[in-house]
Amino acid sequence: MRTLELHFANPVPADAFEGLPGVREAQVEGVSASFTVEGSVDAIVKAAARFETVSITTHEPDLEEIFLGYYEGDRERAA
């Protein structure tokens, strides 16, 4: 899991990144978009290429986020 932040030259449609594989959460507001991604970011990068992209920032999870991700996955499998 990682977080990906994109900033664009102009506002992008809120639905521009819907249904992309590996995206667990997406938030698009004006010229900014942020994603929580599991696995490859390829689909997001390709979708972003349709717009003038100013910057891309990624954040790797810290140990607490990794632990919580495993714990939530165990809870979902047990349900």
# chains A, B, ... in the order shown; residues from 1 in each chain; ligands from 1
>>> residues_around(residues="A:Thr58", least_positions_apart="5", cutoff="7 Å", atoms="only C-alpha atoms", output="MDAnalysis selection string")
chainID A and resid 2:5
>>> write_last_selection(atoms="all heavy atoms", output="PDB file, in the first residue's frame")
ATOM      1  N   ARG A   2       0.466   2.189  -0.791  1.00  0.00           N
ATOM      2  CA  ARG A   2       1.153   3.474  -0.796  1.00  0.00           C
ATOM      3  C   ARG A   2       0.141   4.561  -1.105  1.00  0.00           C
ATOM      4  O   ARG A   2      -0.946   4.286  -1.592  1.00  0.00           O
ATOM      5  CB  ARG A   2       2.304   3.488  -1.787  1.00  0.00           C
ATOM      6  CG  ARG A   2       1.861   3.493  -3.227  1.00  0.00           C
ATOM      7  CD  ARG A   2       3.025   3.413  -4.141  1.00  0.00           C
ATOM      8  NE  ARG A   2       3.655   2.132  -3.888  1.00  0.00           N
ATOM      9  CZ  ARG A   2       4.383   1.473  -4.750  1.00  0.00           C
ATOM     10  NH1 ARG A   2       4.586   1.966  -5.921  1.00  0.00           N
ATOM     11  NH2 ARG A   2       4.907   0.332  -4.460  1.00  0.00           N
ATOM     12  N   THR A   3       0.528   5.795  -0.838  1.00  0.00           N
ATOM     13  CA  THR A   3      -0.303   6.947  -1.154  1.00  0.00           C
ATOM     14  C   THR A   3       0.340   7.675  -2.323  1.00  0.00           C
ATOM     15  O   THR A   3       1.554   7.849  -2.368  1.00  0.00           O
ATOM     16  CB  THR A   3      -0.410   7.887   0.062  1.00  0.00           C
ATOM     17  OG1 THR A   3      -0.941   7.160   1.162  1.00  0.00           O
ATOM     18  CG2 THR A   3      -1.318   9.059  -0.247  1.00  0.00           C
ATOM     19  N   LEU A   4      -0.486   8.070  -3.256  1.00  0.00           N
ATOM     20  CA  LEU A   4      -0.031   8.778  -4.446  1.00  0.00           C
ATOM     21  C   LEU A   4      -0.803  10.087  -4.521  1.00  0.00           C
ATOM     22  O   LEU A   4      -2.034  10.087  -4.413  1.00  0.00           O
ATOM     23  CB  LEU A   4      -0.304   7.919  -5.679  1.00  0.00           C
ATOM     24  CG  LEU A   4       0.124   8.430  -7.035  1.00  0.00           C
ATOM     25  CD1 LEU A   4       1.648   8.462  -7.127  1.00  0.00           C
ATOM     26  CD2 LEU A   4      -0.426   7.535  -8.128  1.00  0.00           C
ATOM     27  N   GLU A   5      -0.084  11.197  -4.665  1.00  0.00           N
ATOM     28  CA  GLU A   5      -0.715  12.511  -4.791  1.00  0.00           C
ATOM     29  C   GLU A   5      -0.332  13.106  -6.130  1.00  0.00           C
ATOM     30  O   GLU A   5       0.840  13.086  -6.504  1.00  0.00           O
ATOM     31  CB  GLU A   5      -0.263  13.431  -3.664  1.00  0.00           C
ATOM     32  CG  GLU A   5      -0.668  12.964  -2.291  1.00  0.00           C
ATOM     33  CD  GLU A   5      -0.114  13.851  -1.178  1.00  0.00           C
ATOM     34  OE1 GLU A   5       0.439  14.930  -1.489  1.00  0.00           O
ATOM     35  OE2 GLU A   5      -0.225  13.460  -0.019  1.00  0.00           O
TER      36      GLU A   5
END
>>> residues_around(residues="stretch 11-27 of chain A", least_positions_apart="2", cutoff="12 Å", atoms="only C-alpha atoms", output="number ranges by chain")
A: 1-9, 29-54, 69
>>> write_last_selection(atoms="N, CA and C atoms", output="CSV table (one decimal), in the first residue's frame")
chain,number,residue,atom,x,y,z
A,1,MET,N,0.8,-1.2,0.0
A,1,MET,CA,0.0,0.0,0.0
A,1,MET,C,0.9,1.2,0.0
A,2,ARG,N,0.5,2.2,-0.8
A,2,ARG,CA,1.2,3.5,-0.8
A,2,ARG,C,0.1,4.6,-1.1
A,3,THR,N,0.5,5.8,-0.8
A,3,THR,CA,-0.3,6.9,-1.2
A,3,THR,C,0.3,7.7,-2.3
A,4,LEU,N,-0.5,8.1,-3.3
A,4,LEU,CA,0.0,8.8,-4.4
A,4,LEU,C,-0.8,10.1,-4.5
A,5,GLU,N,-0.1,11.2,-4.7
A,5,GLU,CA,-0.7,12.5,-4.8
A,5,GLU,C,-0.3,13.1,-6.1
A,6,LEU,N,-1.3,13.6,-6.8
A,6,LEU,CA,-1.1,14.3,-8.1
A,6,LEU,C,-1.6,15.7,-8.1
A,7,HIS,N,-0.9,16.6,-8.8
A,7,HIS,CA,-1.4,18.0,-8.9
A,7,HIS,C,-1.3,18.3,-10.4
A,8,PHE,N,-2.4,18.9,-10.8
A,8,PHE,CA,-2.6,19.2,-12.2
A,8,PHE,C,-2.6,20.7,-12.5
A,9,ALA,N,-2.4,21.1,-13.7
A,9,ALA,CA,-2.4,22.5,-14.1
A,9,ALA,C,-3.8,23.1,-14.1
A,29,GLU,N,-10.2,16.6,-6.0
A,29,GLU,CA,-10.8,18.0,-5.7
A,29,GLU,C,-10.0,19.0,-6.5
A,30,GLY,N,-10.7,19.6,-7.5
A,30,GLY,CA,-10.0,20.7,-8.3
A,30,GLY,C,-8.8,20.2,-9.0
A,31,VAL,N,-7.6,20.8,-8.6
A,31,VAL,CA,-6.4,20.4,-9.3
A,31,VAL,C,-5.6,19.4,-8.6
A,32,SER,N,-6.2,18.8,-7.5
A,32,SER,CA,-5.4,17.8,-6.7
A,32,SER,C,-6.2,16.5,-6.7
A,33,ALA,N,-5.4,15.4,-6.7
A,33,ALA,CA,-6.0,14.0,-6.5
A,33,ALA,C,-5.1,13.2,-5.6
A,34,SER,N,-5.7,12.4,-4.7
A,34,SER,CA,-4.9,11.5,-3.9
A,34,SER,C,-5.5,10.2,-3.9
A,35,PHE,N,-4.6,9.2,-3.8
A,35,PHE,CA,-5.0,7.8,-3.9
A,35,PHE,C,-4.3,6.9,-2.9
A,36,THR,N,-5.0,5.9,-2.4
A,36,THR,CA,-4.4,4.9,-1.7
A,36,THR,C,-4.4,3.7,-2.6
A,37,VAL,N,-3.2,3.2,-2.9
A,37,VAL,CA,-3.0,2.2,-4.0
A,37,VAL,C,-2.4,0.9,-3.4
A,38,GLU,N,-2.9,-0.2,-3.8
A,38,GLU,CA,-2.3,-1.5,-3.5
A,38,GLU,C,-1.8,-2.1,-4.8
A,39,GLY,N,-0.4,-2.3,-4.9
A,39,GLY,CA,0.2,-2.8,-6.1
A,39,GLY,C,0.6,-1.7,-7.0
A,40,SER,N,0.5,-1.9,-8.3
A,40,SER,CA,1.0,-1.0,-9.3
A,40,SER,C,0.2,0.3,-9.4
A,41,VAL,N,0.9,1.3,-9.7
A,41,VAL,CA,0.3,2.7,-9.9
A,41,VAL,C,0.1,2.9,-11.4
A,42,ASP,N,0.4,2.0,-12.3
A,42,ASP,CA,0.4,2.1,-13.7
A,42,ASP,C,-1.0,2.7,-14.2
A,43,ALA,N,-2.1,2.2,-13.8
A,43,ALA,CA,-3.4,2.6,-14.3
A,43,ALA,C,-3.6,4.1,-13.9
A,44,ILE,N,-3.2,4.5,-12.7
A,44,ILE,CA,-3.3,5.9,-12.3
A,44,ILE,C,-2.5,6.8,-13.2
A,45,VAL,N,-1.3,6.4,-13.4
A,45,VAL,CA,-0.3,7.2,-14.2
A,45,VAL,C,-0.9,7.4,-15.7
A,46,LYS,N,-1.4,6.3,-16.2
A,46,LYS,CA,-2.0,6.4,-17.6
A,46,LYS,C,-3.2,7.2,-17.6
A,47,ALA,N,-4.1,7.2,-16.6
A,47,ALA,CA,-5.3,8.0,-16.5
A,47,ALA,C,-4.9,9.5,-16.4
A,48,ALA,N,-3.8,9.8,-15.6
A,48,ALA,CA,-3.4,11.1,-15.4
A,48,ALA,C,-2.7,11.7,-16.6
A,49,ALA,N,-2.2,10.9,-17.5
A,49,ALA,CA,-1.5,11.4,-18.7
A,49,ALA,C,-2.5,12.1,-19.6
A,50,ARG,N,-3.8,12.0,-19.4
A,50,ARG,CA,-4.8,12.7,-20.2
A,50,ARG,C,-4.8,14.2,-19.9
A,51,PHE,N,-4.2,14.6,-18.7
A,51,PHE,CA,-4.3,15.9,-18.2
A,51,PHE,C,-2.8,16.4,-18.0
A,52,GLU,N,-2.7,17.8,-18.0
A,52,GLU,CA,-1.3,18.3,-17.7
A,52,GLU,C,-1.0,18.2,-16.3
A,53,THR,N,-0.1,17.3,-16.0
A,53,THR,CA,0.3,16.9,-14.6
A,53,THR,C,1.5,17.8,-14.2
A,54,VAL,N,1.3,18.5,-13.1
A,54,VAL,CA,2.4,19.4,-12.6
A,54,VAL,C,3.3,18.6,-11.7
A,69,GLY,N,-2.8,-2.4,8.2
A,69,GLY,CA,-3.3,-3.0,7.0
A,69,GLY,C,-3.4,-4.5,7.1
>>> select_by_dssp(residues="chain A", states="helix (DSSP H, G or I)", output="list in words")
Asp42, Ala43, Ile44, Val45, Lys46, Ala47, Ala48, Leu63, Glu64, Glu65, Ile66, Phe67, Leu68, Gly69, Tyr70, Tyr71, Glu72, Gly73, Asp74, Arg75, Glu76, Arg77 and Ala78 of chain A
>>> select_by_dssp(residues="chain A", states="strand (DSSP E or B)", output="list in words")
Arg2, Thr3, Leu4, Glu5, Leu6, His7, Phe8, Val23, Arg24, Glu25, Ala26, Gln27, Val28, Glu29, Ser32, Ala33, Ser34, Phe35, Thr36, Val37, Thr53, Val54, Ser55, Ile56, Thr57, Thr58 and His59 of chain A
>>> decode(residues="stretch 15-60 of chain A", atoms="N, CA and C atoms", output="PDB file, in the first residue's frame")
ATOM      1  N   ASP A  15     -14.716  12.183 -11.746  1.00  0.00           N
ATOM      2  CA  ASP A  15     -14.855  10.782 -12.156  1.00  0.00           C
ATOM      3  C   ASP A  15     -13.708  10.296 -13.054  1.00  0.00           C
ATOM      4  N   ALA A  16     -12.674  11.106 -13.241  1.00  0.00           N
ATOM      5  CA  ALA A  16     -11.584  10.775 -14.160  1.00  0.00           C
ATOM      6  C   ALA A  16     -10.790   9.541 -13.739  1.00  0.00           C
ATOM      7  N   PHE A  17     -10.870   9.163 -12.462  1.00  0.00           N
ATOM      8  CA  PHE A  17     -10.062   8.050 -11.964  1.00  0.00           C
ATOM      9  C   PHE A  17     -10.918   6.934 -11.351  1.00  0.00           C
ATOM     10  N   GLU A  18     -12.188   6.895 -11.694  1.00  0.00           N
ATOM     11  CA  GLU A  18     -13.088   5.870 -11.136  1.00  0.00           C
ATOM     12  C   GLU A  18     -12.786   4.498 -11.713  1.00  0.00           C
ATOM     13  N   GLY A  19     -12.870   3.484 -10.859  1.00  0.00           N
ATOM     14  CA  GLY A  19     -12.779   2.100 -11.297  1.00  0.00           C
ATOM     15  C   GLY A  19     -11.396   1.619 -11.703  1.00  0.00           C
ATOM     16  N   LEU A  20     -10.357   2.315 -11.279  1.00  0.00           N
ATOM     17  CA  LEU A  20      -9.010   1.897 -11.652  1.00  0.00           C
ATOM     18  C   LEU A  20      -8.553   0.718 -10.793  1.00  0.00           C
ATOM     19  N   PRO A  21      -7.880  -0.261 -11.401  1.00  0.00           N
ATOM     20  CA  PRO A  21      -7.428  -1.421 -10.632  1.00  0.00           C
ATOM     21  C   PRO A  21      -6.381  -1.037  -9.588  1.00  0.00           C
ATOM     22  N   GLY A  22      -6.490  -1.640  -8.412  1.00  0.00           N
ATOM     23  CA  GLY A  22      -5.539  -1.415  -7.333  1.00  0.00           C
ATOM     24  C   GLY A  22      -5.823  -0.207  -6.468  1.00  0.00           C
ATOM     25  N   VAL A  23      -6.783   0.625  -6.852  1.00  0.00           N
ATOM     26  CA  VAL A  23      -7.089   1.835  -6.088  1.00  0.00           C
ATOM     27  C   VAL A  23      -8.081   1.480  -4.982  1.00  0.00           C
ATOM     28  N   ARG A  24      -7.650   1.667  -3.735  1.00  0.00           N
ATOM     29  CA  ARG A  24      -8.531   1.383  -2.597  1.00  0.00           C
ATOM     30  C   ARG A  24      -9.327   2.619  -2.204  1.00  0.00           C
ATOM     31  N   GLU A  25      -8.714   3.791  -2.326  1.00  0.00           N
ATOM     32  CA  GLU A  25      -9.400   5.050  -2.035  1.00  0.00           C
ATOM     33  C   GLU A  25      -8.935   6.089  -3.044  1.00  0.00           C
ATOM     34  N   ALA A  26      -9.856   6.953  -3.465  1.00  0.00           N
ATOM     35  CA  ALA A  26      -9.504   8.037  -4.376  1.00  0.00           C
ATOM     36  C   ALA A  26     -10.270   9.289  -3.976  1.00  0.00           C
ATOM     37  N   GLN A  27      -9.579  10.415  -4.033  1.00  0.00           N
ATOM     38  CA  GLN A  27     -10.211  11.693  -3.738  1.00  0.00           C
ATOM     39  C   GLN A  27      -9.693  12.709  -4.753  1.00  0.00           C
ATOM     40  N   VAL A  28     -10.618  13.281  -5.522  1.00  0.00           N
ATOM     41  CA  VAL A  28     -10.255  14.265  -6.537  1.00  0.00           C
ATOM     42  C   VAL A  28     -10.977  15.566  -6.204  1.00  0.00           C
ATOM     43  N   GLU A  29     -10.197  16.633  -6.040  1.00  0.00           N
ATOM     44  CA  GLU A  29     -10.761  17.951  -5.732  1.00  0.00           C
ATOM     45  C   GLU A  29      -9.998  19.011  -6.512  1.00  0.00           C
ATOM     46  N   GLY A  30     -10.653  19.594  -7.485  1.00  0.00           N
ATOM     47  CA  GLY A  30     -10.028  20.663  -8.257  1.00  0.00           C
ATOM     48  C   GLY A  30      -8.797  20.196  -8.997  1.00  0.00           C
ATOM     49  N   VAL A  31      -7.635  20.770  -8.632  1.00  0.00           N
ATOM     50  CA  VAL A  31      -6.386  20.431  -9.314  1.00  0.00           C
ATOM     51  C   VAL A  31      -5.580  19.361  -8.568  1.00  0.00           C
ATOM     52  N   SER A  32      -6.158  18.779  -7.518  1.00  0.00           N
ATOM     53  CA  SER A  32      -5.449  17.775  -6.725  1.00  0.00           C
ATOM     54  C   SER A  32      -6.204  16.456  -6.713  1.00  0.00           C
ATOM     55  N   ALA A  33      -5.436  15.367  -6.659  1.00  0.00           N
ATOM     56  CA  ALA A  33      -6.017  14.035  -6.525  1.00  0.00           C
ATOM     57  C   ALA A  33      -5.107  13.219  -5.621  1.00  0.00           C
ATOM     58  N   SER A  34      -5.702  12.426  -4.737  1.00  0.00           N
ATOM     59  CA  SER A  34      -4.900  11.546  -3.886  1.00  0.00           C
ATOM     60  C   SER A  34      -5.509  10.155  -3.912  1.00  0.00           C
ATOM     61  N   PHE A  35      -4.635   9.163  -3.816  1.00  0.00           N
ATOM     62  CA  PHE A  35      -5.044   7.768  -3.939  1.00  0.00           C
ATOM     63  C   PHE A  35      -4.326   6.924  -2.907  1.00  0.00           C
ATOM     64  N   THR A  36      -5.011   5.924  -2.416  1.00  0.00           N
ATOM     65  CA  THR A  36      -4.381   4.854  -1.663  1.00  0.00           C
ATOM     66  C   THR A  36      -4.379   3.669  -2.614  1.00  0.00           C
ATOM     67  N   VAL A  37      -3.182   3.157  -2.902  1.00  0.00           N
ATOM     68  CA  VAL A  37      -3.013   2.167  -3.953  1.00  0.00           C
ATOM     69  C   VAL A  37      -2.370   0.904  -3.400  1.00  0.00           C
ATOM     70  N   GLU A  38      -2.891  -0.218  -3.842  1.00  0.00           N
ATOM     71  CA  GLU A  38      -2.291  -1.505  -3.520  1.00  0.00           C
ATOM     72  C   GLU A  38      -1.755  -2.078  -4.828  1.00  0.00           C
ATOM     73  N   GLY A  39      -0.447  -2.283  -4.893  1.00  0.00           N
ATOM     74  CA  GLY A  39       0.150  -2.802  -6.115  1.00  0.00           C
ATOM     75  C   GLY A  39       0.609  -1.694  -7.039  1.00  0.00           C
ATOM     76  N   SER A  40       0.482  -1.934  -8.313  1.00  0.00           N
ATOM     77  CA  SER A  40       0.995  -1.038  -9.349  1.00  0.00           C
ATOM     78  C   SER A  40       0.210   0.274  -9.435  1.00  0.00           C
ATOM     79  N   VAL A  41       0.926   1.348  -9.731  1.00  0.00           N
ATOM     80  CA  VAL A  41       0.304   2.661  -9.949  1.00  0.00           C
ATOM     81  C   VAL A  41       0.129   2.941 -11.437  1.00  0.00           C
ATOM     82  N   ASP A  42       0.391   1.956 -12.279  1.00  0.00           N
ATOM     83  CA  ASP A  42       0.357   2.120 -13.725  1.00  0.00           C
ATOM     84  C   ASP A  42      -0.967   2.697 -14.233  1.00  0.00           C
ATOM     85  N   ALA A  43      -2.091   2.172 -13.775  1.00  0.00           N
ATOM     86  CA  ALA A  43      -3.397   2.634 -14.254  1.00  0.00           C
ATOM     87  C   ALA A  43      -3.629   4.108 -13.913  1.00  0.00           C
ATOM     88  N   ILE A  44      -3.179   4.534 -12.731  1.00  0.00           N
ATOM     89  CA  ILE A  44      -3.346   5.932 -12.327  1.00  0.00           C
ATOM     90  C   ILE A  44      -2.486   6.833 -13.200  1.00  0.00           C
ATOM     91  N   VAL A  45      -1.254   6.438 -13.424  1.00  0.00           N
ATOM     92  CA  VAL A  45      -0.345   7.246 -14.242  1.00  0.00           C
ATOM     93  C   VAL A  45      -0.891   7.387 -15.660  1.00  0.00           C
ATOM     94  N   LYS A  46      -1.407   6.302 -16.213  1.00  0.00           N
ATOM     95  CA  LYS A  46      -1.966   6.364 -17.564  1.00  0.00           C
ATOM     96  C   LYS A  46      -3.213   7.236 -17.615  1.00  0.00           C
ATOM     97  N   ALA A  47      -4.065   7.165 -16.591  1.00  0.00           N
ATOM     98  CA  ALA A  47      -5.255   8.019 -16.548  1.00  0.00           C
ATOM     99  C   ALA A  47      -4.856   9.487 -16.382  1.00  0.00           C
ATOM    100  N   ALA A  48      -3.818   9.751 -15.591  1.00  0.00           N
ATOM    101  CA  ALA A  48      -3.362  11.124 -15.356  1.00  0.00           C
ATOM    102  C   ALA A  48      -2.730  11.733 -16.610  1.00  0.00           C
ATOM    103  N   ALA A  49      -2.217  10.891 -17.492  1.00  0.00           N
ATOM    104  CA  ALA A  49      -1.546  11.387 -18.700  1.00  0.00           C
ATOM    105  C   ALA A  49      -2.497  12.149 -19.623  1.00  0.00           C
ATOM    106  N   ARG A  50      -3.798  12.003 -19.420  1.00  0.00           N
ATOM    107  CA  ARG A  50      -4.771  12.748 -20.227  1.00  0.00           C
ATOM    108  C   ARG A  50      -4.816  14.225 -19.855  1.00  0.00           C
ATOM    109  N   PHE A  51      -4.221  14.562 -18.713  1.00  0.00           N
ATOM    110  CA  PHE A  51      -4.258  15.932 -18.190  1.00  0.00           C
ATOM    111  C   PHE A  51      -2.834  16.444 -18.008  1.00  0.00           C
ATOM    112  N   GLU A  52      -2.672  17.775 -18.005  1.00  0.00           N
ATOM    113  CA  GLU A  52      -1.349  18.341 -17.748  1.00  0.00           C
ATOM    114  C   GLU A  52      -1.016  18.161 -16.270  1.00  0.00           C
ATOM    115  N   THR A  53      -0.083  17.267 -15.997  1.00  0.00           N
ATOM    116  CA  THR A  53       0.289  16.922 -14.628  1.00  0.00           C
ATOM    117  C   THR A  53       1.477  17.776 -14.196  1.00  0.00           C
ATOM    118  N   VAL A  54       1.324  18.471 -13.076  1.00  0.00           N
ATOM    119  CA  VAL A  54       2.353  19.365 -12.568  1.00  0.00           C
ATOM    120  C   VAL A  54       3.324  18.611 -11.655  1.00  0.00           C
ATOM    121  N   SER A  55       2.787  17.754 -10.773  1.00  0.00           N
ATOM    122  CA  SER A  55       3.666  17.011  -9.872  1.00  0.00           C
ATOM    123  C   SER A  55       3.009  15.704  -9.432  1.00  0.00           C
ATOM    124  N   ILE A  56       3.880  14.754  -9.088  1.00  0.00           N
ATOM    125  CA  ILE A  56       3.448  13.460  -8.557  1.00  0.00           C
ATOM    126  C   ILE A  56       4.304  13.178  -7.328  1.00  0.00           C
ATOM    127  N   THR A  57       3.652  12.845  -6.224  1.00  0.00           N
ATOM    128  CA  THR A  57       4.351  12.516  -4.988  1.00  0.00           C
ATOM    129  C   THR A  57       3.836  11.179  -4.488  1.00  0.00           C
ATOM    130  N   THR A  58       4.746  10.312  -4.057  1.00  0.00           N
ATOM    131  CA  THR A  58       4.337   9.037  -3.464  1.00  0.00           C
ATOM    132  C   THR A  58       4.838   8.970  -2.037  1.00  0.00           C
ATOM    133  N   HIS A  59       4.076   8.271  -1.206  1.00  0.00           N
ATOM    134  CA  HIS A  59       4.438   8.059   0.189  1.00  0.00           C
ATOM    135  C   HIS A  59       4.326   6.567   0.479  1.00  0.00           C
ATOM    136  N   GLU A  60       5.417   5.987   0.917  1.00  0.00           N
ATOM    137  CA  GLU A  60       5.397   4.587   1.336  1.00  0.00           C
ATOM    138  C   GLU A  60       4.812   4.529   2.742  1.00  0.00           C
TER     139      GLU A  60
END
